[in-house]
file target.txt (compact mmCIF, C-alpha atoms)
# COMPACT_ATOMS: atom_id res chain seq x y z
CA MET P 29 53.95 200.17 -108.41
CA LYS P 30 56.84 198.27 -109.95
CA GLU P 31 58.38 199.51 -113.13
CA ILE P 32 57.60 197.72 -116.41
CA ILE P 33 60.68 197.09 -118.55
CA LEU P 34 60.45 196.24 -122.25
CA THR P 35 63.70 194.84 -123.64
CA THR P 36 64.62 195.14 -127.30
CA PHE P 37 67.91 195.12 -129.19
CA ASP P 38 70.42 197.93 -128.60
CA TRP P 39 70.78 198.29 -132.38
CA VAL P 40 69.40 196.70 -135.56
CA PRO P 41 70.19 197.28 -139.26
CA GLU P 42 68.01 199.70 -141.24
CA VAL P 43 65.67 197.09 -142.75
CA PRO P 44 63.82 195.94 -139.59
CA ARG P 45 63.58 199.42 -138.05
CA GLY P 46 59.99 200.36 -137.37
CA TYR P 47 59.04 196.67 -137.58
CA VAL P 48 60.81 195.15 -134.56
CA ARG P 49 58.17 193.45 -132.46
CA ASP P 50 58.73 195.45 -129.30
CA ILE P 51 56.38 197.90 -131.04
CA ARG P 52 53.45 195.56 -130.37
CA ALA P 53 54.03 195.77 -126.62
CA SER P 54 54.91 199.49 -126.53
CA TRP P 55 51.87 200.32 -128.70
CA ALA P 56 49.62 198.39 -126.29
CA MET P 57 51.15 200.09 -123.25
CA GLU P 58 50.69 203.50 -124.88
CA GLU P 59 47.04 202.64 -125.54
CA ALA P 60 46.65 201.50 -121.93
CA GLY P 61 48.46 204.48 -120.43
CA LEU P 62 50.96 202.23 -118.64
CA ALA P 63 54.39 203.65 -117.79
CA TYR P 64 57.34 201.57 -119.00
CA ARG P 65 61.03 201.82 -119.78
CA ILE P 66 62.92 200.49 -122.82
CA GLU P 67 66.16 198.56 -122.31
CA GLY P 68 68.56 197.30 -124.96
CA VAL P 69 70.48 194.01 -125.25
CA PRO P 70 73.32 193.42 -127.71
CA PHE P 71 72.15 192.58 -131.23
CA LYS P 72 75.51 191.21 -132.26
CA ASN P 73 76.33 189.08 -129.27
CA ARG P 74 73.37 187.22 -127.86
CA ASN P 75 74.58 185.80 -124.57
CA LYS P 76 73.31 183.23 -122.08
CA GLU P 77 71.30 185.77 -120.11
CA HIS P 78 69.52 186.79 -123.31
CA LEU P 79 68.57 183.17 -124.04
CA GLU P 80 67.29 182.76 -120.48
CA ASN P 81 64.84 185.61 -121.08
CA GLN P 82 64.05 184.84 -124.71
CA PRO P 83 64.93 181.23 -125.63
CA PHE P 84 65.03 181.94 -129.38
CA GLY P 85 67.57 184.76 -129.06
CA GLN P 86 64.95 187.21 -130.34
CA VAL P 87 63.36 190.31 -128.83
CA PRO P 88 61.31 191.63 -127.14
CA TRP P 89 60.60 190.46 -123.64
CA LEU P 90 58.68 192.20 -120.89
CA LYS P 91 59.45 192.36 -117.17
CA ASP P 92 56.57 193.38 -114.96
CA GLY P 93 57.27 192.63 -111.31
CA GLU P 94 57.47 188.85 -110.97
CA PHE P 95 56.52 188.28 -114.60
CA THR P 96 59.06 187.86 -117.39
CA ILE P 97 57.29 187.26 -120.67
CA PHE P 98 58.48 186.59 -124.21
CA GLU P 99 56.21 186.13 -127.27
CA SER P 100 54.41 189.25 -128.44
CA GLY P 101 51.01 187.51 -128.21
CA ALA P 102 51.57 186.62 -124.55
CA MET P 103 52.79 190.16 -123.82
CA LEU P 104 49.69 191.65 -125.44
CA LEU P 105 47.43 189.43 -123.36
CA HIS P 106 49.33 190.37 -120.19
CA ILE P 107 49.13 194.10 -120.95
CA ALA P 108 45.42 193.78 -121.78
CA GLU P 109 44.81 192.23 -118.36
CA ARG P 110 46.35 195.31 -116.76
CA SER P 111 44.38 197.77 -118.87
CA GLU P 112 40.75 198.74 -119.15
CA ASN P 113 40.48 199.38 -122.85
CA LEU P 114 42.27 196.59 -124.74
CA ILE P 115 40.05 193.56 -124.11
CA PRO P 116 36.39 193.35 -123.08
CA ASN P 117 35.49 192.26 -119.57
CA GLU P 118 32.55 190.12 -120.63
CA PRO P 119 33.52 186.53 -121.45
CA ILE P 120 32.22 186.24 -125.03
CA GLY P 121 33.92 189.41 -126.28
CA ARG P 122 37.03 188.45 -124.39
CA SER P 123 37.08 185.03 -126.04
CA GLN P 124 36.62 186.61 -129.47
CA VAL P 125 39.55 188.98 -128.93
CA ILE P 126 41.72 186.05 -127.90
CA GLN P 127 40.74 184.04 -130.98
CA TRP P 128 41.54 186.96 -133.29
CA LEU P 129 44.84 187.50 -131.50
CA PHE P 130 45.73 183.89 -132.30
CA ALA P 131 44.39 184.34 -135.84
CA ALA P 132 46.77 187.24 -136.44
CA LEU P 133 49.76 185.25 -135.22
CA ASN P 134 48.92 181.74 -136.36
CA SER P 135 46.69 182.12 -139.44
CA ILE P 136 48.07 185.30 -141.05
CA GLU P 137 51.62 185.81 -139.79
CA MET P 138 52.39 182.11 -140.34
CA ALA P 139 51.94 182.89 -144.04
CA SER P 140 53.27 186.46 -144.18
CA VAL P 141 56.61 186.18 -142.39
CA PRO P 142 57.88 183.15 -144.40
CA TRP P 143 56.63 184.88 -147.58
CA SER P 144 58.61 187.99 -146.56
CA LEU P 145 61.79 185.88 -146.26
CA PHE P 146 61.54 185.32 -150.01
CA LYS P 147 60.69 188.97 -150.70
CA PHE P 148 63.58 190.31 -148.59
CA SER P 149 66.01 188.12 -150.52
CA ASN P 150 64.51 189.15 -153.90
CA ASP P 151 63.80 185.51 -154.59
CA ASN P 152 61.29 185.30 -157.44
CA GLU P 153 61.82 181.68 -158.46
CA GLU P 154 58.40 180.20 -159.23
CA THR P 155 58.93 176.76 -157.75
CA PRO P 156 55.99 174.54 -156.68
CA GLY P 157 56.57 175.17 -152.96
CA ARG P 158 56.79 178.90 -153.53
CA GLU P 159 53.51 178.81 -155.41
CA ASN P 160 51.95 177.03 -152.42
CA LEU P 161 53.32 179.65 -150.07
CA ASN P 162 52.03 182.52 -152.23
CA ASN P 163 48.61 180.87 -152.46
CA PHE P 164 48.62 180.34 -148.70
CA LEU P 165 49.12 184.07 -148.08
CA GLU P 166 46.70 185.16 -150.80
CA SER P 167 43.90 182.91 -149.60
CA ARG P 168 44.29 184.31 -146.10
CA LEU P 169 44.31 187.92 -147.35
CA GLN P 170 41.18 187.28 -149.41
CA ARG P 171 39.39 186.07 -146.32
CA MET P 172 40.67 188.96 -144.20
CA GLU P 173 39.44 191.32 -146.92
CA SER P 174 35.88 189.96 -146.50
CA VAL P 175 36.12 190.18 -142.73
CA LEU P 176 37.52 193.72 -142.65
CA ALA P 177 35.14 195.03 -145.32
CA GLU P 178 32.37 194.66 -142.75
CA ARG P 179 33.89 196.06 -139.59
CA GLU P 180 36.05 198.83 -138.21
CA TRP P 181 37.88 196.65 -135.68
CA LEU P 182 37.98 192.88 -135.33
CA VAL P 183 35.78 192.66 -132.22
CA ASN P 184 33.63 195.74 -131.49
CA ASP P 185 36.08 198.31 -130.05
CA PHE P 186 39.80 198.48 -130.77
CA SER P 187 41.67 195.70 -128.90
CA ILE P 188 44.96 193.83 -128.67
CA ALA P 189 43.72 191.69 -131.57
CA ASP P 190 43.87 194.81 -133.77
CA ILE P 191 47.38 195.63 -132.60
CA ALA P 192 48.55 192.16 -133.61
CA MET P 193 46.57 191.93 -136.85
CA SER P 194 47.41 195.40 -138.16
CA ASP P 195 51.09 194.97 -137.30
CA VAL P 196 51.13 191.64 -139.16
CA LEU P 197 49.42 193.20 -142.20
CA ARG P 198 51.79 196.18 -142.08
CA LEU P 199 54.65 193.90 -143.17
CA VAL P 200 52.61 192.73 -146.19
CA ASP P 201 51.78 196.35 -147.00
CA ARG P 202 55.50 197.18 -146.90
CA PHE P 203 55.94 195.20 -150.12
CA GLY P 204 52.91 196.87 -151.72
CA GLU P 205 51.04 193.58 -151.54
CA LEU P 206 47.85 195.01 -150.01
CA SER P 207 47.00 197.01 -153.13
CA ASP P 208 44.46 194.35 -154.15
CA TYR P 209 43.00 194.32 -150.65
CA PRO P 210 41.60 197.81 -149.99
CA ALA P 211 39.77 196.89 -146.79
CA CYS P 212 42.97 195.44 -145.35
CA LYS P 213 44.90 198.52 -146.43
CA ASP P 214 42.33 200.90 -144.90
CA TYR P 215 42.42 198.87 -141.70
CA VAL P 216 46.21 199.20 -141.46
CA GLU P 217 45.93 202.94 -142.08
CA ARG P 218 43.19 203.29 -139.46
CA ALA P 219 45.22 201.41 -136.87
CA THR P 220 48.52 203.15 -137.54
CA ALA P 221 46.83 206.58 -137.44
CA ARG P 222 46.23 206.07 -133.72
CA PRO P 223 48.38 208.34 -131.52
CA ALA P 224 49.59 205.36 -129.47
CA PHE P 225 50.99 203.65 -132.58
CA LYS P 226 52.63 206.86 -133.79
CA LYS P 227 54.31 207.37 -130.42
CA ALA P 228 55.56 203.76 -130.24
CA TYR P 229 56.79 203.89 -133.85
CA ALA P 230 58.63 207.21 -133.41
CA ASP P 231 60.18 205.91 -130.18
CA GLN P 232 61.46 202.76 -131.89
CA LEU P 233 63.07 204.76 -134.70
CA ALA P 234 64.61 207.17 -132.16
CA HIS P 235 65.94 204.28 -130.06
CA PHE P 236 67.85 202.79 -133.00
CA ALA P 237 68.93 206.20 -134.32
CA MET P 238 70.47 206.88 -130.90
CA ALA P 239 72.39 203.61 -131.16
CA ASP P 240 73.83 204.73 -134.50
CA ARG P 241 75.18 207.89 -132.85
CA PHE P 242 76.95 205.88 -130.15
CA ASN P 243 78.35 203.41 -132.65
CA GLN P 244 79.95 206.05 -134.83
CA MET F 15 25.67 171.01 -118.57
CA LYS F 16 25.63 172.02 -122.21
CA GLU F 17 27.18 169.77 -124.77
CA ILE F 18 30.56 170.70 -126.28
CA ILE F 19 30.73 170.26 -130.05
CA LEU F 20 34.00 170.10 -131.96
CA THR F 21 33.55 170.58 -135.71
CA THR F 22 36.00 169.16 -138.23
CA PHE F 23 35.74 168.18 -141.91
CA ASP F 24 33.46 165.31 -142.90
CA TRP F 25 36.30 163.89 -144.99
CA VAL F 26 39.90 164.74 -145.91
CA PRO F 27 42.42 163.08 -148.26
CA GLU F 28 44.88 160.56 -146.82
CA VAL F 29 47.80 162.98 -146.35
CA PRO F 30 46.41 165.20 -143.55
CA ARG F 31 44.76 162.34 -141.65
CA GLY F 32 46.05 162.16 -138.11
CA TYR F 33 47.28 165.76 -138.42
CA VAL F 34 44.05 167.76 -138.77
CA ARG F 35 44.04 170.32 -135.99
CA ASP F 36 40.85 169.18 -134.33
CA ILE F 37 43.22 166.74 -132.62
CA ARG F 38 44.62 169.58 -130.51
CA ALA F 39 41.21 170.31 -129.04
CA SER F 40 40.10 166.67 -128.71
CA TRP F 41 43.43 165.73 -127.09
CA ALA F 42 42.98 168.55 -124.55
CA MET F 43 39.39 167.54 -123.81
CA GLU F 44 40.47 163.91 -123.34
CA GLU F 45 43.16 165.09 -120.90
CA ALA F 46 40.60 167.23 -119.07
CA GLY F 47 37.93 164.53 -118.99
CA LEU F 48 35.41 166.78 -120.75
CA ALA F 49 32.61 165.15 -122.74
CA TYR F 50 32.28 166.34 -126.35
CA ARG F 51 30.83 165.36 -129.66
CA ILE F 52 32.47 165.53 -133.11
CA GLU F 53 30.55 167.04 -136.04
CA GLY F 54 31.57 167.15 -139.69
CA VAL F 55 31.26 169.92 -142.31
CA PRO F 56 31.79 169.40 -146.03
CA PHE F 57 35.44 169.43 -147.07
CA LYS F 58 34.62 169.95 -150.72
CA ASN F 59 32.02 172.68 -150.46
CA ARG F 60 32.79 175.27 -147.83
CA ASN F 61 29.63 177.31 -147.52
CA LYS F 62 28.67 180.62 -145.96
CA GLU F 63 27.80 179.03 -142.62
CA HIS F 64 31.24 177.46 -142.49
CA LEU F 65 32.89 180.84 -143.06
CA GLU F 66 30.77 182.39 -140.33
CA ASN F 67 32.18 179.89 -137.87
CA GLN F 68 35.71 179.76 -139.24
CA PRO F 69 36.51 182.79 -141.40
CA PHE F 70 39.43 181.10 -143.20
CA GLY F 71 37.37 178.12 -144.36
CA GLN F 72 39.48 175.83 -142.19
CA VAL F 73 38.66 173.52 -139.28
CA PRO F 74 38.21 173.03 -136.38
CA TRP F 75 35.90 175.18 -134.35
CA LEU F 76 34.45 174.58 -130.93
CA LYS F 77 30.96 175.29 -129.63
CA ASP F 78 30.59 175.37 -125.88
CA GLY F 79 27.33 176.95 -124.81
CA GLU F 80 27.47 180.61 -125.84
CA PHE F 81 31.07 180.33 -127.04
CA THR F 82 32.03 179.59 -130.64
CA ILE F 83 35.79 179.54 -131.01
CA PHE F 84 38.12 179.03 -133.96
CA GLU F 85 41.96 178.98 -133.77
CA SER F 86 43.45 175.96 -132.03
CA GLY F 87 45.39 178.18 -129.60
CA ALA F 88 42.21 179.93 -128.45
CA MET F 89 40.41 176.59 -128.12
CA LEU F 90 43.24 175.18 -125.99
CA LEU F 91 43.09 178.19 -123.68
CA HIS F 92 39.32 177.87 -123.40
CA ILE F 93 39.50 174.15 -122.61
CA ALA F 94 42.27 174.78 -120.07
CA GLU F 95 40.03 177.27 -118.25
CA ARG F 96 37.41 174.54 -117.89
CA SER F 97 39.86 171.92 -116.67
CA GLU F 98 41.97 171.46 -113.55
CA ASN F 99 45.05 169.88 -115.03
CA LEU F 100 46.02 171.76 -118.21
CA ILE F 101 47.19 175.15 -116.91
CA PRO F 102 48.40 176.18 -113.43
CA ASN F 103 46.18 178.30 -111.21
CA GLU F 104 48.99 180.47 -109.92
CA PRO F 105 49.67 183.51 -112.10
CA ILE F 106 53.37 183.01 -112.92
CA GLY F 107 52.98 179.41 -114.08
CA ARG F 108 49.85 180.39 -115.95
CA SER F 109 51.67 183.18 -117.75
CA GLN F 110 54.50 180.80 -118.68
CA VAL F 111 52.10 178.27 -120.16
CA ILE F 112 50.48 181.02 -122.22
CA GLN F 113 53.84 182.25 -123.52
CA TRP F 114 54.87 178.72 -124.54
CA LEU F 115 51.50 178.20 -126.19
CA PHE F 116 52.19 181.29 -128.31
CA ALA F 117 55.77 180.11 -128.87
CA ALA F 118 54.52 176.83 -130.34
CA LEU F 119 52.16 178.60 -132.72
CA ASN F 120 54.07 181.76 -133.56
CA SER F 121 57.78 180.89 -133.19
CA ILE F 122 57.86 177.23 -134.26
CA GLU F 123 54.79 176.57 -136.38
CA MET F 124 55.36 179.81 -138.31
CA ALA F 125 58.53 178.14 -139.59
CA SER F 126 57.40 174.53 -139.79
CA VAL F 127 54.12 174.78 -141.70
CA PRO F 128 55.51 176.92 -144.57
CA TRP F 129 58.55 174.61 -144.69
CA SER F 130 56.16 171.65 -144.94
CA LEU F 131 54.48 173.26 -147.98
CA PHE F 132 57.77 172.80 -149.83
CA LYS F 133 58.28 169.29 -148.47
CA PHE F 134 54.77 168.16 -149.43
CA SER F 135 55.32 169.36 -152.99
CA ASN F 136 58.76 167.68 -153.19
CA ASP F 137 60.26 171.08 -153.94
CA ASN F 138 64.01 170.87 -153.36
CA GLU F 139 65.10 173.98 -155.30
CA GLU F 140 67.82 175.68 -153.28
CA THR F 141 66.82 179.28 -153.89
CA PRO F 142 67.91 182.10 -151.53
CA GLY F 143 64.44 182.41 -149.97
CA ARG F 144 64.24 178.67 -149.43
CA GLU F 145 67.60 178.73 -147.72
CA ASN F 146 66.30 181.46 -145.39
CA LEU F 147 63.20 179.40 -144.64
CA ASN F 148 65.27 176.28 -143.90
CA ASN F 149 67.59 178.28 -141.65
CA PHE F 150 64.58 179.80 -139.92
CA LEU F 151 63.24 176.36 -139.00
CA GLU F 152 66.65 174.95 -138.10
CA SER F 153 67.54 177.82 -135.79
CA ARG F 154 64.24 177.37 -133.98
CA LEU F 155 64.73 173.59 -133.65
CA GLN F 156 68.24 174.11 -132.29
CA ARG F 157 66.88 176.36 -129.60
CA MET F 158 64.00 173.99 -128.79
CA GLU F 159 66.57 171.20 -128.51
CA SER F 160 68.39 173.14 -125.76
CA VAL F 161 65.13 173.90 -123.98
CA LEU F 162 63.77 170.36 -124.14
CA ALA F 163 67.09 168.73 -123.18
CA GLU F 164 66.57 170.20 -119.72
CA ARG F 165 62.94 169.48 -118.98
CA GLU F 166 60.19 166.90 -119.29
CA TRP F 167 57.42 169.38 -120.11
CA LEU F 168 57.64 173.06 -121.05
CA VAL F 169 56.33 174.43 -117.73
CA ASN F 170 56.46 172.03 -114.76
CA ASP F 171 53.55 169.61 -115.34
CA PHE F 172 52.07 168.70 -118.71
CA SER F 173 49.91 171.57 -120.06
CA ILE F 174 48.17 172.91 -123.16
CA ALA F 175 51.55 174.35 -124.19
CA ASP F 176 52.81 170.78 -124.57
CA ILE F 177 49.79 169.80 -126.64
CA ALA F 178 50.49 172.65 -129.05
CA MET F 179 54.27 172.28 -129.13
CA SER F 180 54.36 168.50 -129.52
CA ASP F 181 51.68 168.61 -132.22
CA VAL F 182 53.69 171.26 -134.10
CA LEU F 183 56.89 169.21 -133.81
CA ARG F 184 55.04 166.06 -134.89
CA LEU F 185 54.69 167.52 -138.39
CA VAL F 186 58.47 168.11 -138.56
CA ASP F 187 59.07 164.57 -137.32
CA ARG F 188 56.82 163.27 -140.08
CA PHE F 189 59.50 164.21 -142.61
CA GLY F 190 62.24 162.63 -140.47
CA GLU F 191 63.61 166.08 -139.75
CA LEU F 192 63.90 165.61 -135.97
CA SER F 193 66.65 162.98 -136.31
CA ASP F 194 69.28 165.61 -135.46
CA TYR F 195 67.20 166.80 -132.50
CA PRO F 196 66.93 163.86 -130.08
CA ALA F 197 65.44 165.88 -127.21
CA CYS F 198 62.70 167.18 -129.51
CA LYS F 199 62.07 163.67 -130.79
CA ASP F 200 61.90 162.21 -127.27
CA TYR F 201 59.52 164.98 -126.28
CA VAL F 202 57.16 164.18 -129.16
CA GLU F 203 57.30 160.50 -128.25
CA ARG F 204 56.62 161.27 -124.58
CA ALA F 205 53.64 163.48 -125.46
CA THR F 206 52.11 161.15 -128.03
CA ALA F 207 52.45 158.16 -125.67
CA ARG F 208 49.81 159.73 -123.42
CA PRO F 209 46.48 157.84 -123.46
CA ALA F 210 44.59 161.08 -124.24
CA PHE F 211 46.60 161.64 -127.42
CA LYS F 212 46.22 158.02 -128.50
CA LYS F 213 42.46 158.20 -128.03
CA ALA F 214 42.14 161.49 -129.96
CA TYR F 215 44.40 160.22 -132.74
CA ALA F 216 42.55 156.92 -133.14
CA ASP F 217 39.22 158.79 -133.12
CA GLN F 218 40.38 161.13 -135.89
CA LEU F 219 41.51 158.23 -138.09
CA ALA F 220 38.23 156.42 -137.42
CA HIS F 221 36.19 159.54 -138.24
CA PHE F 222 37.76 159.87 -141.69
CA ALA F 223 37.75 156.12 -142.34
CA MET F 224 34.00 156.15 -141.68
CA ALA F 225 33.64 158.92 -144.27
CA ASP F 226 35.41 156.73 -146.84
CA ARG F 227 32.83 154.00 -146.25
CA PHE F 228 29.97 156.37 -146.87
CA ASN F 229 31.59 157.82 -149.96
CA GLN F 230 32.12 154.45 -151.65
call {"tool": "encode", "arguments": {"input": "target.txt", "output": "structure tokens"}}
result
Amino acid sequence: MKEIILTTFDWVPEVPRGYVRDIRASWAMEEAGLAYRIEGVPFKNRNKEHLENQPFGQVPWLKDGEFTIFESGAMLLHIAERSENLIPNEPIGRSQVIQWLFAALNSIEMASVPWSLFKFSNDNEETPGRENLNNFLESRLQRMESVLAEREWLVNDFSIADIAMSDVLRLVDRFGELSDYPACKDYVERATARPAFKKAYADQLAHFAMADRFNQ
Amino acid sequence: MKEIILTTFDWVPEVPRGYVRDIRASWAMEEAGLAYRIEGVPFKNRNKEHLENQPFGQVPWLKDGEFTIFESGAMLLHIAERSENLIPNEPIGRSQVIQWLFAALNSIEMASVPWSLFKFSNDNEETPGRENLNNFLESRLQRMESVLAEREWLVNDFSIADIAMSDVLRLVDRFGELSDYPACKDYVERATARPAFKKAYADQLAHFAMADRFNQ
């Protein structure tokens, strides 16, 4: 069996640590029991080879035999295909997991990441556009609150949709913004209490801590 | 064969017309030669049944036999599975189309839609967060410009990834913001020149124009 390689940065500043998106893929592979190796590419000098693997100069990407995949959503789907416990085999459940995977990345994260750009820069100007952006995120969280109040995981058993959704909500929780959304908060706690998340999270912190040692 | 039903709003204001996301699914079905019917749900009163089909109170959703699917990305993948010309059969090409589909929705649209919220509200305040958001979109467009300068479609032949990506870029183009990105602009023109897009676009305008007549 060919080795799976997950590439992330060789170093990042403190702020993104624990939140770099390689955690979505490593978490899924821990859940699936797939063996993989982490590689690092320069954070400070993103070269041509980097852009060939990840055209936006971001991380992560995944190499699995003939496959080289960027985009965390595509990686999650690929890993799920190789596992037995991250997406249902029957077509309806499978379709529902895929739709919730897209929902995490296109309905929730589309609001949360841009909103976080304002939060990270301590920008509290109440301009009309900012108000629209805040309302965009809040309306989505309100709906997720109703959805998550009624279920443990998005589609029956835990799946790649929950990896994506809980990781997206984790960033909102980082700013304390889930305090009005207890079902969302409980869901994030339930997901991140899983041993596979804890392992992937600890590994990411250790990977960047190691880089600090070499850079000193 | 069971009928495919694509549900959109029964009416929307002028601004979103031609840009409501049911066009992604109808465009794909026109490309695939699949027969479908359009249904409308109230724009002004989004009831419980609506939320059961689309938990964010948005449109569209697709009913195809036992499948009910929201999220345009998930619909595109579903339609591609039923067609012979929207995603390759061989696994590498297939995986690349899926990654570019996610790229359109999670790397580009995550920047463009929030940016459009500021543009639609004529908000030109140059706050730090806004600057980050503008840079976010610009850095993504710069990278897409390099990618699209070298190819006609994202992965070999035209695919669902091109439907998603060109529709996402169309919103940016609407504000004249692709003028510095000629390869992106050409790509949007190439995609929207396809008969299947023209048909889906004309049908969407006609659908909402009909609603105006009934509302008078």
call {"tool": "atom_distance", "arguments": {"input": "target.txt", "atom1": "atom CA of P:Val43", "atom2": "atom CA of P:Trp128"}}
result
27.8 Å
call {"tool": "interface_residues", "arguments": {"input": "target.txt", "of": "chain P", "to": "chain F", "cutoff": "6 Å", "atoms": "only C-alpha atoms", "output": "MDAnalysis selection string"}}
result
chainID P and resid 84 99 102 127 133:134 138 145:146 149 151 157 171
call {"tool": "residues_around", "arguments": {"input": "target.txt", "residues": "F:Ala210", "least_positions_apart": "6", "cutoff": "8 Å", "atoms": "all atoms listed in the file", "output": "ChimeraX atom specification"}}
result
/F:41-42,44-45
call {"tool": "atom_distance", "arguments": {"input": "target.txt", "atom1": "atom CA of F:Asp187", "atom2": "atom CA of P:Asn81"}}
result
27.2 Å
call {"tool": "closest_residue", "arguments": {"input": "target.txt", "among": "F:Val26, F:Ala214, F:Val182, F:Ala197", "to": "F:Arg51", "atoms": "all atoms listed in the file"}}
result
F:Ala214
call {"tool": "residues_near_point", "arguments": {"input": "target.txt", "point": "(39.1, 172.5, -142.6)", "cutoff": "8 Å", "atoms": "all atoms listed in the file", "output": "MDAnalysis selection string"}}
result
chainID F and resid 22:23 34 57 71:74
call {"tool": "atom_distance", "arguments": {"input": "target.txt", "atom1": "atom CA of P:Glu166", "atom2": "atom CA of P:Asp208"}}
result
10.0 Å
call {"tool": "residues_around", "arguments": {"input": "target.txt", "residues": "P:Ala239", "least_positions_apart": "6", "cutoff": "12 Å", "atoms": "all atoms listed in the file", "output": "PyMOL selection string"}}
result
chain P and resi 37-42+45+67-71+232-233
call {"tool": "axis_aligned_box", "arguments": {"input": "target.txt", "around": "stretch 127-142 of chain P", "padding_each_side": "5 Å", "output": "lines of an AutoDock Vina configuration file"}}
result
center_x = 49.3
center_y = 184.6
center_z = -137.7
size_x = 27.1
size_y = 15.8
size_z = 23.4
call {"tool": "closest_residue", "arguments": {"input": "target.txt", "among": "F:His64, F:Arg108, F:Arg35, F:Arg96", "to": "F:Leu168", "atoms": "all atoms listed in the file"}}
result
F:Arg108
call {"tool": "residues_around", "arguments": {"input": "target.txt", "residues": "F:Val202", "least_positions_apart": "5", "cutoff": "9 Å", "atoms": "all atoms listed in the file", "output": "list in words"}}
result
Met179, Ser180, Asp181, Leu183, Arg184, Asp187, Ala197 and Ala207 of chain F
call {"tool": "residues_around", "arguments": {"input": "target.txt", "residues": "P:Cys212", "least_positions_apart": "5", "cutoff": "7 Å", "atoms": "all atoms listed in the file", "output": "list in words"}}
result
Met172, Glu173, Leu176 and Leu206 of chain P
